[in-house]
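Shown next: protein32.txt, containing compact mmCIF, C-alpha atoms (C1' of nucleotides).
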# COMPACT_ATOMS: atom_id res chain seq x y z
CA MET A 10 0.00 0.00 0.00
CA LEU A 11 2.66 2.46 1.07
CA ARG A 12 5.14 0.99 -1.40
CA ARG A 13 2.69 1.48 -4.26
CA GLN A 14 2.29 5.20 -3.77
CA VAL A 15 4.19 7.38 -6.18
CA CYS A 16 4.11 10.14 -3.60
CA PHE A 17 6.07 8.08 -1.12
CA ALA A 18 8.53 7.10 -3.83
CA LEU A 19 9.04 10.78 -4.60
CA TYR A 20 9.42 11.71 -0.95
CA ALA A 21 11.86 8.87 -0.30
CA ALA A 22 13.91 9.53 -3.44
CA SER A 23 14.20 13.20 -2.64
CA ARG A 24 15.52 12.47 0.84
CA ALA A 25 17.84 9.73 -0.43
CA LEU A 26 19.35 12.13 -2.94
CA THR A 27 19.80 14.76 -0.25
CA ASP A 28 21.70 12.09 1.68
CA VAL A 29 24.06 11.81 -1.29
CA TYR A 30 24.58 15.56 -1.38
CA ARG A 31 25.09 15.99 2.36
CA PRO A 32 28.66 14.68 2.75
CA ILE A 33 29.73 16.34 -0.51
CA LEU A 34 28.26 19.73 0.39
CA ASP A 35 29.49 19.37 3.93
CA GLU A 36 33.05 19.61 2.61
CA HIS A 37 32.14 23.20 1.73
CA GLY A 38 30.03 23.89 4.81
CA LEU A 39 26.81 24.13 2.80
CA THR A 40 23.34 22.61 3.07
CA TYR A 41 21.38 21.54 0.01
CA PRO A 42 19.02 24.55 -0.10
CA GLN A 43 22.01 26.87 0.37
CA TYR A 44 23.68 25.17 -2.59
CA LEU A 45 20.56 25.73 -4.69
CA VAL A 46 20.64 29.44 -3.90
CA LEU A 47 24.28 29.60 -4.99
CA LEU A 48 23.42 27.77 -8.23
CA VAL A 49 20.94 30.52 -9.07
CA LEU A 50 23.43 33.24 -8.23
CA TRP A 51 26.24 31.63 -10.25
CA GLU A 52 23.91 31.30 -13.21
CA ARG A 53 23.17 35.02 -13.36
CA ASP A 54 26.19 36.78 -12.02
CA ASP A 55 25.23 39.83 -14.10
CA GLY A 56 22.47 41.33 -12.00
CA ALA A 57 21.97 40.48 -8.34
CA PRO A 58 18.46 39.03 -7.95
CA THR A 59 16.11 40.11 -5.19
CA VAL A 60 14.90 37.76 -2.49
CA SER A 61 11.59 37.40 -4.36
CA GLU A 62 13.30 36.55 -7.62
CA LEU A 63 15.34 33.88 -5.88
CA GLY A 64 12.15 32.60 -4.32
CA GLY A 65 10.46 32.49 -7.71
CA GLN A 66 13.19 30.26 -9.14
CA LEU A 67 13.37 27.94 -6.15
CA ARG A 68 9.72 28.24 -5.13
CA LEU A 69 10.64 29.26 -1.61
CA ASP A 70 9.21 32.20 0.32
CA SER A 71 10.93 34.83 2.41
CA GLY A 72 10.18 32.85 5.54
CA THR A 73 12.60 30.24 4.32
CA LEU A 74 15.01 32.44 2.39
CA SER A 75 15.56 35.28 4.87
CA PRO A 76 17.27 33.20 7.56
CA LEU A 77 19.03 31.04 4.95
CA LEU A 78 20.51 34.12 3.25
CA LYS A 79 21.53 35.49 6.61
CA ARG A 80 23.55 32.33 7.17
CA LEU A 81 25.12 32.53 3.70
CA GLU A 82 26.02 36.14 4.45
CA ALA A 83 27.54 35.16 7.81
CA ALA A 84 29.61 32.57 5.91
CA GLY A 85 30.92 35.37 3.68
CA LEU A 86 29.47 33.95 0.46
CA VAL A 87 26.79 36.54 -0.36
CA VAL A 88 25.93 40.16 0.43
CA ARG A 89 22.46 41.57 0.89
CA THR A 90 21.86 45.19 -0.03
CA ARG A 91 18.68 47.26 0.05
CA SER A 92 17.80 48.40 -3.46
CA ALA A 93 18.24 52.15 -3.91
CA ALA A 94 15.42 52.31 -6.46
CA ASP A 95 12.93 50.42 -4.30
CA GLU A 96 13.70 50.30 -0.63
CA ARG A 97 11.42 47.32 -0.12
CA ARG A 98 13.69 45.08 -2.16
CA VAL A 99 16.88 43.38 -1.03
CA GLU A 100 19.39 42.37 -3.70
CA VAL A 101 21.48 39.29 -3.15
CA GLY A 102 24.95 39.34 -4.69
CA LEU A 103 27.98 37.06 -4.58
CA THR A 104 31.18 37.92 -2.75
CA ASP A 105 34.53 36.96 -4.28
CA ARG A 106 34.54 33.98 -1.97
CA GLY A 107 31.07 33.00 -3.18
CA ARG A 108 32.14 33.32 -6.81
CA ALA A 109 35.33 31.34 -6.19
CA LEU A 110 33.32 28.48 -4.74
CA ARG A 111 31.78 27.85 -8.15
CA GLU A 112 35.01 26.43 -9.58
CA ARG A 113 35.68 24.28 -6.54
CA MET A 114 32.21 22.74 -6.74
CA GLY A 115 32.18 22.12 -10.49
CA ASP A 116 32.26 18.35 -10.14
CA VAL A 117 29.39 18.10 -7.65
CA PRO A 118 26.61 17.39 -10.20
CA ARG A 119 28.62 14.62 -11.83
CA ARG A 120 29.47 13.01 -8.51
CA VAL A 121 25.82 13.02 -7.47
CA ALA A 122 24.53 11.76 -10.82
CA ALA A 123 26.97 8.85 -10.56
CA ALA A 124 25.63 7.94 -7.12
CA THR A 125 22.08 7.55 -8.47
CA GLY A 126 23.16 4.65 -10.66
CA LEU A 127 20.93 5.86 -13.52
CA THR A 128 21.97 6.16 -17.16
CA GLU A 129 22.09 9.50 -18.94
CA ASP A 130 18.87 8.67 -20.80
CA GLU A 131 17.05 7.74 -17.63
CA LEU A 132 18.15 10.95 -15.96
CA VAL A 133 16.82 12.99 -18.89
CA PHE A 134 13.54 11.12 -18.86
CA LEU A 135 13.15 11.40 -15.10
CA HIS A 136 13.89 15.11 -15.28
CA GLY A 137 11.24 15.61 -17.92
CA ILE A 138 8.51 13.77 -16.07
CA LEU A 139 9.27 15.46 -12.73
CA THR A 140 9.32 18.91 -14.26
CA ARG A 141 5.99 18.21 -15.88
CA VAL A 142 4.45 17.07 -12.58
CA THR A 143 5.70 20.17 -10.81
CA GLU A 144 4.40 22.49 -13.51
CA THR A 145 1.04 20.79 -13.76
CA ILE A 146 0.55 21.21 -10.03
CA HIS A 147 1.59 24.83 -9.99
CA ARG A 148 -0.53 25.69 -12.99
CA GLN A 149 -3.57 24.21 -11.25
CA LYS A 150 -2.86 26.14 -8.09
CA GLU A 151 -2.83 29.45 -9.92
CA GLN A 152 -6.34 28.90 -11.23
CA MET B 19 21.94 25.26 -14.94
CA LEU B 20 19.56 24.89 -12.01
CA ARG B 21 16.74 23.86 -14.30
CA ARG B 22 18.85 21.08 -15.79
CA GLN B 23 19.54 19.33 -12.51
CA VAL B 24 17.51 16.23 -11.86
CA CYS B 25 18.07 16.77 -8.16
CA PHE B 26 16.29 20.10 -8.21
CA ALA B 27 13.47 18.59 -10.25
CA LEU B 28 13.11 15.90 -7.60
CA TYR B 29 13.22 18.38 -4.74
CA ALA B 30 10.70 20.69 -6.42
CA ALA B 31 8.34 17.87 -7.42
CA SER B 32 8.38 16.44 -3.91
CA ARG B 33 7.43 19.78 -2.40
CA ALA B 34 4.82 20.44 -5.08
CA LEU B 35 3.17 17.13 -4.35
CA THR B 36 3.20 17.85 -0.63
CA ASP B 37 1.38 21.08 -1.51
CA VAL B 38 -1.33 18.95 -3.13
CA TYR B 39 -1.62 16.77 -0.03
CA ARG B 40 -1.65 19.63 2.46
CA PRO B 41 -5.24 20.92 2.03
CA ILE B 42 -6.58 17.37 1.69
CA LEU B 43 -4.81 16.08 4.81
CA ASP B 44 -5.64 19.27 6.62
CA GLU B 45 -9.31 18.28 6.50
CA HIS B 46 -8.29 15.47 8.86
CA GLY B 47 -5.79 17.47 10.90
CA LEU B 48 -2.82 15.48 9.58
CA THR B 49 0.55 16.35 8.08
CA TYR B 50 2.07 14.32 5.26
CA PRO B 51 4.58 12.37 7.40
CA GLN B 52 1.82 11.62 9.91
CA TYR B 53 -0.30 10.27 7.06
CA LEU B 54 2.59 8.04 5.98
CA VAL B 55 2.82 6.59 9.50
CA LEU B 56 -0.89 5.84 9.43
CA LEU B 57 -0.54 4.16 6.02
CA VAL B 58 1.99 1.75 7.52
CA LEU B 59 -0.23 1.07 10.52
CA TRP B 60 -3.34 0.51 8.39
CA GLU B 61 -1.43 -1.89 6.19
CA ARG B 62 -0.48 -4.18 9.06
CA ASP B 63 -3.20 -3.88 11.61
CA ASP B 64 -2.33 -7.39 12.87
CA GLY B 65 0.77 -6.68 14.94
CA ALA B 66 1.63 -3.23 16.23
CA PRO B 67 5.06 -2.31 14.84
CA THR B 68 7.78 -0.81 17.01
CA VAL B 69 9.16 2.66 16.45
CA SER B 70 12.21 1.12 14.73
CA GLU B 71 10.07 -0.96 12.40
CA LEU B 72 8.10 2.12 11.42
CA GLY B 73 11.37 3.92 10.87
CA GLY B 74 12.65 1.10 8.70
CA GLN B 75 9.65 1.36 6.36
CA LEU B 76 9.67 5.13 6.15
CA ARG B 77 13.43 5.57 6.54
CA LEU B 78 12.98 7.93 9.46
CA ASP B 79 14.80 7.75 12.78
CA SER B 80 13.51 8.09 16.33
CA GLY B 81 14.52 11.73 16.34
CA THR B 82 11.80 12.37 13.78
CA LEU B 83 9.31 9.69 14.81
CA SER B 84 9.24 10.16 18.60
CA PRO B 85 7.74 13.65 18.59
CA LEU B 86 5.55 12.83 15.57
CA LEU B 87 4.08 9.78 17.30
CA LYS B 88 3.55 11.82 20.44
CA ARG B 89 1.41 14.21 18.38
CA LEU B 90 -0.54 11.35 16.79
CA GLU B 91 -1.15 9.98 20.29
CA ALA B 92 -2.30 13.38 21.53
CA ALA B 93 -4.72 13.44 18.58
CA GLY B 94 -6.13 10.11 19.79
CA LEU B 95 -5.16 8.16 16.66
CA VAL B 96 -2.45 5.86 18.02
CA VAL B 97 -1.30 4.39 21.33
CA ARG B 98 2.30 3.76 22.33
CA THR B 99 2.98 0.90 24.72
CA ARG B 100 6.26 -0.42 26.10
CA SER B 101 6.79 -3.99 24.95
CA ALA B 102 6.48 -6.48 27.80
CA ALA B 103 8.99 -8.83 26.20
CA ASP B 104 11.63 -6.14 25.62
CA GLU B 105 11.26 -3.00 27.65
CA ARG B 106 13.41 -1.03 25.25
CA ARG B 107 10.81 -1.30 22.52
CA VAL B 108 7.70 0.79 22.10
CA GLU B 109 4.85 -0.65 20.08
CA VAL B 110 2.66 1.67 18.09
CA GLY B 111 -0.95 0.60 17.67
CA LEU B 112 -4.07 2.17 16.21
CA THR B 113 -6.98 3.39 18.30
CA ASP B 114 -10.54 2.92 17.07
CA ARG B 115 -10.44 6.50 15.91
CA GLY B 116 -7.21 5.83 14.01
CA ARG B 117 -8.69 2.74 12.38
CA ALA B 118 -11.89 4.57 11.46
CA LEU B 119 -9.91 7.26 9.69
CA ARG B 120 -8.82 4.72 7.08
CA GLU B 121 -12.26 4.56 5.51
CA ARG B 122 -12.71 8.30 5.52
CA MET B 123 -9.39 8.80 3.73
CA GLY B 124 -9.82 6.08 1.13
CA ASP B 125 -10.11 8.50 -1.76
CA VAL B 126 -6.97 10.50 -0.91
CA PRO B 127 -4.57 8.64 -3.25
CA ARG B 128 -6.92 9.01 -6.19
CA ARG B 129 -7.47 12.71 -5.56
CA VAL B 130 -3.72 13.32 -5.39
CA ALA B 131 -2.93 11.22 -8.45
CA ALA B 132 -5.47 13.23 -10.42
CA ALA B 133 -3.80 16.48 -9.40
CA THR B 134 -0.47 15.39 -10.88
CA GLY B 135 -1.98 15.31 -14.36
CA LEU B 136 -0.06 12.13 -15.21
CA THR B 137 -1.50 9.04 -16.88
CA GLU B 138 -1.60 5.69 -15.12
CA ASP B 139 1.31 4.45 -17.24
CA GLU B 140 3.43 7.45 -16.43
CA LEU B 141 2.74 7.06 -12.73
CA VAL B 142 3.84 3.43 -12.86
CA PHE B 143 6.98 4.31 -14.77
CA LEU B 144 7.82 7.21 -12.48
CA HIS B 145 7.31 5.01 -9.45
CA GLY B 146 9.67 2.39 -10.84
CA ILE B 147 12.46 4.80 -11.61
CA LEU B 148 12.21 6.61 -8.28
CA THR B 149 12.19 3.39 -6.30
CA ARG B 150 15.25 2.26 -8.18
CA VAL B 151 17.09 5.51 -7.44
CA THR B 152 16.26 5.26 -3.75
CA GLU B 153 17.36 1.66 -3.52
CA THR B 154 20.57 2.21 -5.45
CA ILE B 155 21.52 4.98 -3.09
CA HIS B 156 20.70 3.03 0.03
CA ARG B 157 22.52 -0.05 -1.21
CA GLN B 158 25.63 2.02 -1.79
CA LYS B 159 25.42 3.57 1.64
CA GLU B 160 25.37 0.20 3.33
CA GLN B 161 28.66 -0.78 1.73
C1' DC C 12 26.94 -14.54 37.10
C1' DC C 13 28.79 -10.23 35.39
C1' DC C 14 29.76 -6.59 32.74
C1' DA C 15 31.25 -4.58 28.14
C1' DG C 16 29.17 -3.69 24.08
C1' DA C 17 25.06 -3.35 21.50
C1' DT C 18 20.36 -1.81 20.94
C1' DA C 19 15.80 1.06 21.35
C1' DA C 20 13.74 5.15 22.23
C1' DG C 21 13.97 9.69 23.52
C1' DT C 22 16.24 14.47 23.85
C1' DT C 23 18.74 18.46 22.14
C1' DG C 24 20.23 21.54 18.68
C1' DT C 25 20.36 23.16 13.80
C1' DG C 26 18.25 24.11 9.51
C1' DC C 27 14.75 23.98 6.40
C1' DA C 28 9.44 24.66 4.79
C1' DC C 29 5.41 27.03 5.33
C1' DA C 30 1.43 29.60 7.40
C1' DA C 31 0.24 33.80 9.53
C1' DC C 32 1.53 38.07 10.83
C1' DT C 33 4.31 42.63 11.11
C1' DT C 34 6.77 46.52 9.27
C1' DG C 35 8.00 49.65 6.02
C1' DA C 36 7.88 51.27 1.16
C1' DT C 37 5.37 52.03 -3.10
C1' DT C 38 1.40 52.53 -6.26
C1' DG C 39 -2.82 53.95 -8.01
C1' DC C 40 -7.20 55.99 -7.49
C1' DC C 41 -9.58 60.09 -6.20
C1' DG D 9 -1.35 65.52 -2.71
C1' DG D 10 -3.58 62.00 0.28
C1' DC D 11 -4.46 57.59 1.47
C1' DA D 12 -6.12 52.80 0.80
C1' DA D 13 -4.51 48.78 -1.26
C1' DT D 14 -0.57 46.35 -2.53
C1' DC D 15 3.89 44.59 -2.17
C1' DA D 16 8.77 43.09 -0.29
C1' DA D 17 11.16 41.37 3.33
C1' DG D 18 11.39 39.88 7.80
C1' DT D 19 9.49 37.58 12.17
C1' DT D 20 7.08 34.06 14.80
C1' DG D 21 5.39 29.57 15.57
C1' DT D 22 4.80 24.65 14.18
C1' DG D 23 6.45 20.45 12.32
C1' DC D 24 9.54 17.77 10.04
C1' DA D 25 14.67 15.74 9.10
C1' DC D 26 18.86 14.56 10.87
C1' DA D 27 23.21 14.55 13.68
C1' DA D 28 24.86 13.85 18.18
C1' DC D 29 23.98 12.57 22.56
C1' DT D 30 21.53 10.37 26.78
C1' DT D 31 19.13 6.81 29.24
C1' DA D 32 17.45 2.42 29.97
C1' DT D 33 17.43 -2.26 28.59
C1' DC D 34 19.23 -6.40 26.74
C1' DT D 35 22.84 -9.82 25.07
C1' DG D 36 26.80 -12.65 24.91
C1' DG D 37 31.59 -13.86 26.01
C1' DG D 38 34.44 -14.83 29.94
Written as structure tokens, how would this file's structure read?
Amino acid sequence: MLRRQVCFALYAASRALTDVYRPILDEHGLTYPQYLVLLVLWERDDGAPTVSELGGQLRLDSGTLSPLLKRLEAAGLVVRTRSAADERRVEVGLTDRGRALRERMGDVPRRVAAATGLTEDELVFLHGILTRVTETIHRQKEQ
Amino acid sequence: MLRRQVCFALYAASRALTDVYRPILDEHGLTYPQYLVLLVLWERDDGAPTVSELGGQLRLDSGTLSPLLKRLEAAGLVVRTRSAADERRVEVGLTDRGRALRERMGDVPRRVAAATGLTEDELVFLHGILTRVTETIHRQKEQ
DNA sequence: CCCAGATAAGTTGTGCACAACTTGATTGCC
DNA sequence: GGCAATCAAGTTGTGCACAACTTATCTGGG
């Protein structure tokens, strides 16, 4: 009964994969959600996104992001600055240390993918199906 | 970069699906992990499993389960009793109220599956791949 | 029989997630 | 220009997850 539920499979797989990340990210003193935030920042080093923009990409709200970003700032990886144009916004930018981390963590995705034991094709397929589930759900919620 | 990672897709899909469960489970005053515990108990109403056995099925430790079970007990859905044979163990059994809930929640899986927008075949395939990922990871960890 | 090591559950502390709320800034309608 | 509605970020409170530790019980080798 439990074993047949896709939802449990998804929940268990997500936690199992986080278990794979944990020791790897721990070498850099990061948690998985912190790593995700850095991925977004590395991707668009041009303009520093606001907390909301980060939340839009990761689907996390300020209740989660505010303390997380405070910890990343305390670790010297990001800086938070009030926008001059709109004082409500807070822009999140990388420090040199945060930027430098990108190179040192370049092999993380490959190491994790290897630990899943899936082929390239399976990973692509899995990615497609999961993304579709997520988008279907979010589309329904907006209506 | 972020969008391409299977791990993010898995993390996002898992949270999206929990979002689908939340309002449905909320009707019964349950959280998703609490619902999973009840699924295990409903499945084997013969013998009351111990905390460890529950943890083995759900891959959760006593640090997570102890307070969760205390809340389920406070809600009148389960009872925890020290095993007579081995006083270290605590057996988790259903109350009448906990058993009765099974009927009332019978349509939950169908309602959630519908919200994913996936076909039956896709759900089966997704389940297979996710289970395999989880087991591959856990097998590696044990070695 | 005894006690060292193992085992089961619980506790403590940290870090997400998320709901509900607060505070301060901005926008649009009049 | 004034102010109600909106919006961005942060705060508070609850409930997982999980590591590290504590306490109580059990087991097996000597």
Atom pair atom CA of B:Asp79 / atom CA of A:Gln14: separation (Å): 20.9 Å
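When atom CA of B:Val58 is paired with atom CA of B:Asp114, their separation reads 15.8 Å.
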Test item: chain B residues at most 9 Å from chain D, counting only C-alpha atoms (C1' of nucleotides), as a PyMOL selection string: chain B and resi 49+51+78-79+81-82+86+104-106
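Counting all atoms listed in the file, B:Val130 has the following residues at most 12 Å away, ignoring those fewer than 6 positions along the same chain: Gln14, Val15, Cys16, Phe17, Val142 and Ile146 of chain A; Ala34, Leu35, Thr36, Asp37, Val38, Tyr39, Arg40, Pro41, Ile42, Leu43, Met123, Gly124, Leu136 and Leu141 of chain B.
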Residue among A:Leu67, A:Ala83, A:Val60, A:Ala109 lying closest to chain B, counting all atoms listed in the file: A:Leu67
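Candidate residues B:Ala27, B:Ala103, B:Leu59, B:Val108 were compared for distance to chain C, and the nearest is B:Val108, using only C-alpha atoms (C1' of nucleotides).
If you take only C-alpha atoms and a cut-off of 7 Å, the residues of chain B that reach chain A are B:Met19, B:Leu20, B:Val24, B:Ala27, B:Leu28, B:Tyr29, B:Ala30, B:Ala31, B:Ser32, B:Ala34, B:Leu57, B:Val58, B:Glu61, B:Ala133, B:Thr134, B:Gly135, B:Leu141, B:His145, B:Leu148, B:Thr149, B:Val151, B:Thr152, B:Thr154, B:Ile155.
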Mind fitting chain A to chain B by least squares on all Cα atoms in order and giving back the moved coordinates as a tab-separated table (two decimals) with C-alpha atoms, in the coordinates of the input?
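File produced: superposed.tsv:
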chain	number	residue	atom	x	y	z
A	10	MET	CA	21.95	25.23	-14.91
A	11	LEU	CA	19.59	24.87	-11.98
A	12	ARG	CA	16.75	23.84	-14.28
A	13	ARG	CA	18.87	21.06	-15.76
A	14	GLN	CA	19.55	19.32	-12.48
A	15	VAL	CA	17.52	16.23	-11.82
A	16	CYS	CA	18.07	16.77	-8.12
A	17	PHE	CA	16.29	20.10	-8.19
A	18	ALA	CA	13.47	18.59	-10.23
A	19	LEU	CA	13.10	15.90	-7.58
A	20	TYR	CA	13.21	18.39	-4.73
A	21	ALA	CA	10.70	20.69	-6.41
A	22	ALA	CA	8.33	17.87	-7.39
A	23	SER	CA	8.36	16.45	-3.90
A	24	ARG	CA	7.42	19.81	-2.39
A	25	ALA	CA	4.81	20.47	-5.08
A	26	LEU	CA	3.16	17.14	-4.34
A	27	THR	CA	3.19	17.88	-0.63
A	28	ASP	CA	1.37	21.10	-1.52
A	29	VAL	CA	-1.33	18.97	-3.13
A	30	TYR	CA	-1.63	16.80	-0.04
A	31	ARG	CA	-1.67	19.66	2.46
A	32	PRO	CA	-5.24	20.95	2.02
A	33	ILE	CA	-6.59	17.40	1.68
A	34	LEU	CA	-4.82	16.11	4.80
A	35	ASP	CA	-5.64	19.30	6.63
A	36	GLU	CA	-9.31	18.31	6.50
A	37	HIS	CA	-8.30	15.49	8.85
A	38	GLY	CA	-5.80	17.49	10.89
A	39	LEU	CA	-2.83	15.50	9.59
A	40	THR	CA	0.55	16.37	8.09
A	41	TYR	CA	2.06	14.34	5.27
A	42	PRO	CA	4.57	12.39	7.40
A	43	GLN	CA	1.80	11.65	9.92
A	44	TYR	CA	-0.30	10.29	7.06
A	45	LEU	CA	2.57	8.05	5.98
A	46	VAL	CA	2.81	6.60	9.48
A	47	LEU	CA	-0.91	5.84	9.42
A	48	LEU	CA	-0.55	4.17	6.01
A	49	VAL	CA	1.97	1.76	7.51
A	50	LEU	CA	-0.23	1.06	10.50
A	51	TRP	CA	-3.35	0.50	8.37
A	52	GLU	CA	-1.41	-1.89	6.18
A	53	ARG	CA	-0.47	-4.18	9.06
A	54	ASP	CA	-3.20	-3.89	11.60
A	55	ASP	CA	-2.31	-7.39	12.83
A	56	GLY	CA	0.76	-6.69	14.92
A	57	ALA	CA	1.64	-3.24	16.21
A	58	PRO	CA	5.08	-2.31	14.83
A	59	THR	CA	7.80	-0.81	16.98
A	60	VAL	CA	9.17	2.66	16.42
A	61	SER	CA	12.21	1.13	14.70
A	62	GLU	CA	10.08	-0.96	12.37
A	63	LEU	CA	8.10	2.12	11.39
A	64	GLY	CA	11.37	3.92	10.84
A	65	GLY	CA	12.64	1.10	8.66
A	66	GLN	CA	9.63	1.36	6.35
A	67	LEU	CA	9.66	5.15	6.14
A	68	ARG	CA	13.42	5.58	6.53
A	69	LEU	CA	12.98	7.95	9.44
A	70	ASP	CA	14.81	7.77	12.77
A	71	SER	CA	13.51	8.10	16.30
A	72	GLY	CA	14.50	11.75	16.34
A	73	THR	CA	11.80	12.38	13.79
A	74	LEU	CA	9.32	9.70	14.80
A	75	SER	CA	9.24	10.15	18.58
A	76	PRO	CA	7.73	13.65	18.58
A	77	LEU	CA	5.55	12.85	15.55
A	78	LEU	CA	4.07	9.80	17.30
A	79	LYS	CA	3.54	11.84	20.43
A	80	ARG	CA	1.41	14.22	18.38
A	81	LEU	CA	-0.54	11.36	16.79
A	82	GLU	CA	-1.13	9.98	20.27
A	83	ALA	CA	-2.30	13.39	21.53
A	84	ALA	CA	-4.73	13.43	18.58
A	85	GLY	CA	-6.12	10.09	19.78
A	86	LEU	CA	-5.15	8.17	16.65
A	87	VAL	CA	-2.44	5.85	18.00
A	88	VAL	CA	-1.27	4.39	21.31
A	89	ARG	CA	2.31	3.75	22.32
A	90	THR	CA	3.01	0.90	24.71
A	91	ARG	CA	6.30	-0.41	26.08
A	92	SER	CA	6.83	-4.00	24.95
A	93	ALA	CA	6.56	-6.47	27.83
A	94	ALA	CA	9.07	-8.83	26.20
A	95	ASP	CA	11.68	-6.14	25.57
A	96	GLU	CA	11.34	-3.01	27.61
A	97	ARG	CA	13.48	-1.04	25.19
A	98	ARG	CA	10.85	-1.30	22.47
A	99	VAL	CA	7.72	0.79	22.08
A	100	GLU	CA	4.86	-0.67	20.05
A	101	VAL	CA	2.66	1.67	18.08
A	102	GLY	CA	-0.95	0.59	17.66
A	103	LEU	CA	-4.08	2.17	16.20
A	104	THR	CA	-6.99	3.39	18.31
A	105	ASP	CA	-10.55	2.89	17.05
A	106	ARG	CA	-10.46	6.48	15.90
A	107	GLY	CA	-7.23	5.82	14.02
A	108	ARG	CA	-8.69	2.73	12.37
A	109	ALA	CA	-11.90	4.56	11.47
A	110	LEU	CA	-9.91	7.25	9.70
A	111	ARG	CA	-8.83	4.72	7.09
A	112	GLU	CA	-12.28	4.55	5.50
A	113	ARG	CA	-12.72	8.31	5.52
A	114	MET	CA	-9.39	8.80	3.74
A	115	GLY	CA	-9.84	6.08	1.13
A	116	ASP	CA	-10.11	8.51	-1.76
A	117	VAL	CA	-6.99	10.52	-0.91
A	118	PRO	CA	-4.58	8.65	-3.24
A	119	ARG	CA	-6.93	9.02	-6.19
A	120	ARG	CA	-7.48	12.71	-5.56
A	121	VAL	CA	-3.73	13.33	-5.39
A	122	ALA	CA	-2.93	11.21	-8.45
A	123	ALA	CA	-5.49	13.23	-10.41
A	124	ALA	CA	-3.81	16.49	-9.39
A	125	THR	CA	-0.48	15.38	-10.88
A	126	GLY	CA	-1.98	15.30	-14.35
A	127	LEU	CA	-0.03	12.12	-15.22
A	128	THR	CA	-1.48	9.03	-16.89
A	129	GLU	CA	-1.60	5.68	-15.13
A	130	ASP	CA	1.32	4.42	-17.23
A	131	GLU	CA	3.44	7.44	-16.43
A	132	LEU	CA	2.74	7.05	-12.73
A	133	VAL	CA	3.84	3.41	-12.85
A	134	PHE	CA	6.98	4.29	-14.75
A	135	LEU	CA	7.83	7.19	-12.47
A	136	HIS	CA	7.30	4.98	-9.44
A	137	GLY	CA	9.64	2.36	-10.81
A	138	ILE	CA	12.45	4.75	-11.61
A	139	LEU	CA	12.20	6.58	-8.26
A	140	THR	CA	12.18	3.37	-6.28
A	141	ARG	CA	15.24	2.23	-8.15
A	142	VAL	CA	17.09	5.49	-7.42
A	143	THR	CA	16.25	5.26	-3.74
A	144	GLU	CA	17.36	1.64	-3.50
A	145	THR	CA	20.55	2.19	-5.42
A	146	ILE	CA	21.51	4.98	-3.05
A	147	HIS	CA	20.70	3.02	0.07
A	148	ARG	CA	22.50	-0.06	-1.15
A	149	GLN	CA	25.63	2.01	-1.75
A	150	LYS	CA	25.41	3.56	1.68
A	151	GLU	CA	25.37	0.17	3.38
A	152	GLN	CA	28.66	-0.81	1.79
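The interface of chain B with chain C at 7 Å, considering only C-alpha atoms (C1' of nucleotides), consists of Ser80, Ser84, Arg106 and Arg107 of chain B.
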Could you turn the residues from that selection into a file that holds C-alpha atoms, as a short mmCIF file (atom, residue, chain, number, x, y, z; two decimals), keeping the file's coordinate frame?
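Here's the written file again-v8.cif:
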data_model
loop_
_atom_site.label_atom_id
_atom_site.label_comp_id
_atom_site.auth_asym_id
_atom_site.auth_seq_id
_atom_site.Cartn_x
_atom_site.Cartn_y
_atom_site.Cartn_z
CA SER B 80 13.51 8.09 16.33
CA SER B 84 9.24 10.16 18.60
CA ARG B 106 13.41 -1.03 25.25
CA ARG B 107 10.81 -1.30 22.52
#
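Coordinates place atom CA of B:Arg98 at a distance of 23.5 Å from atom CA of B:Asp44.
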For stretch 25-38 of chain D, take all atoms listed in the file, fit an axis-aligned box around them, add 8 Å to each of the six sides, then output centre and edge lengths in Å rounded to one decimal, as lines of an AutoDock Vina configuration file.
center_x = 24.6
center_y = 0.5
center_z = 19.5
size_x = 35.8
size_y = 46.6
size_z = 36.9
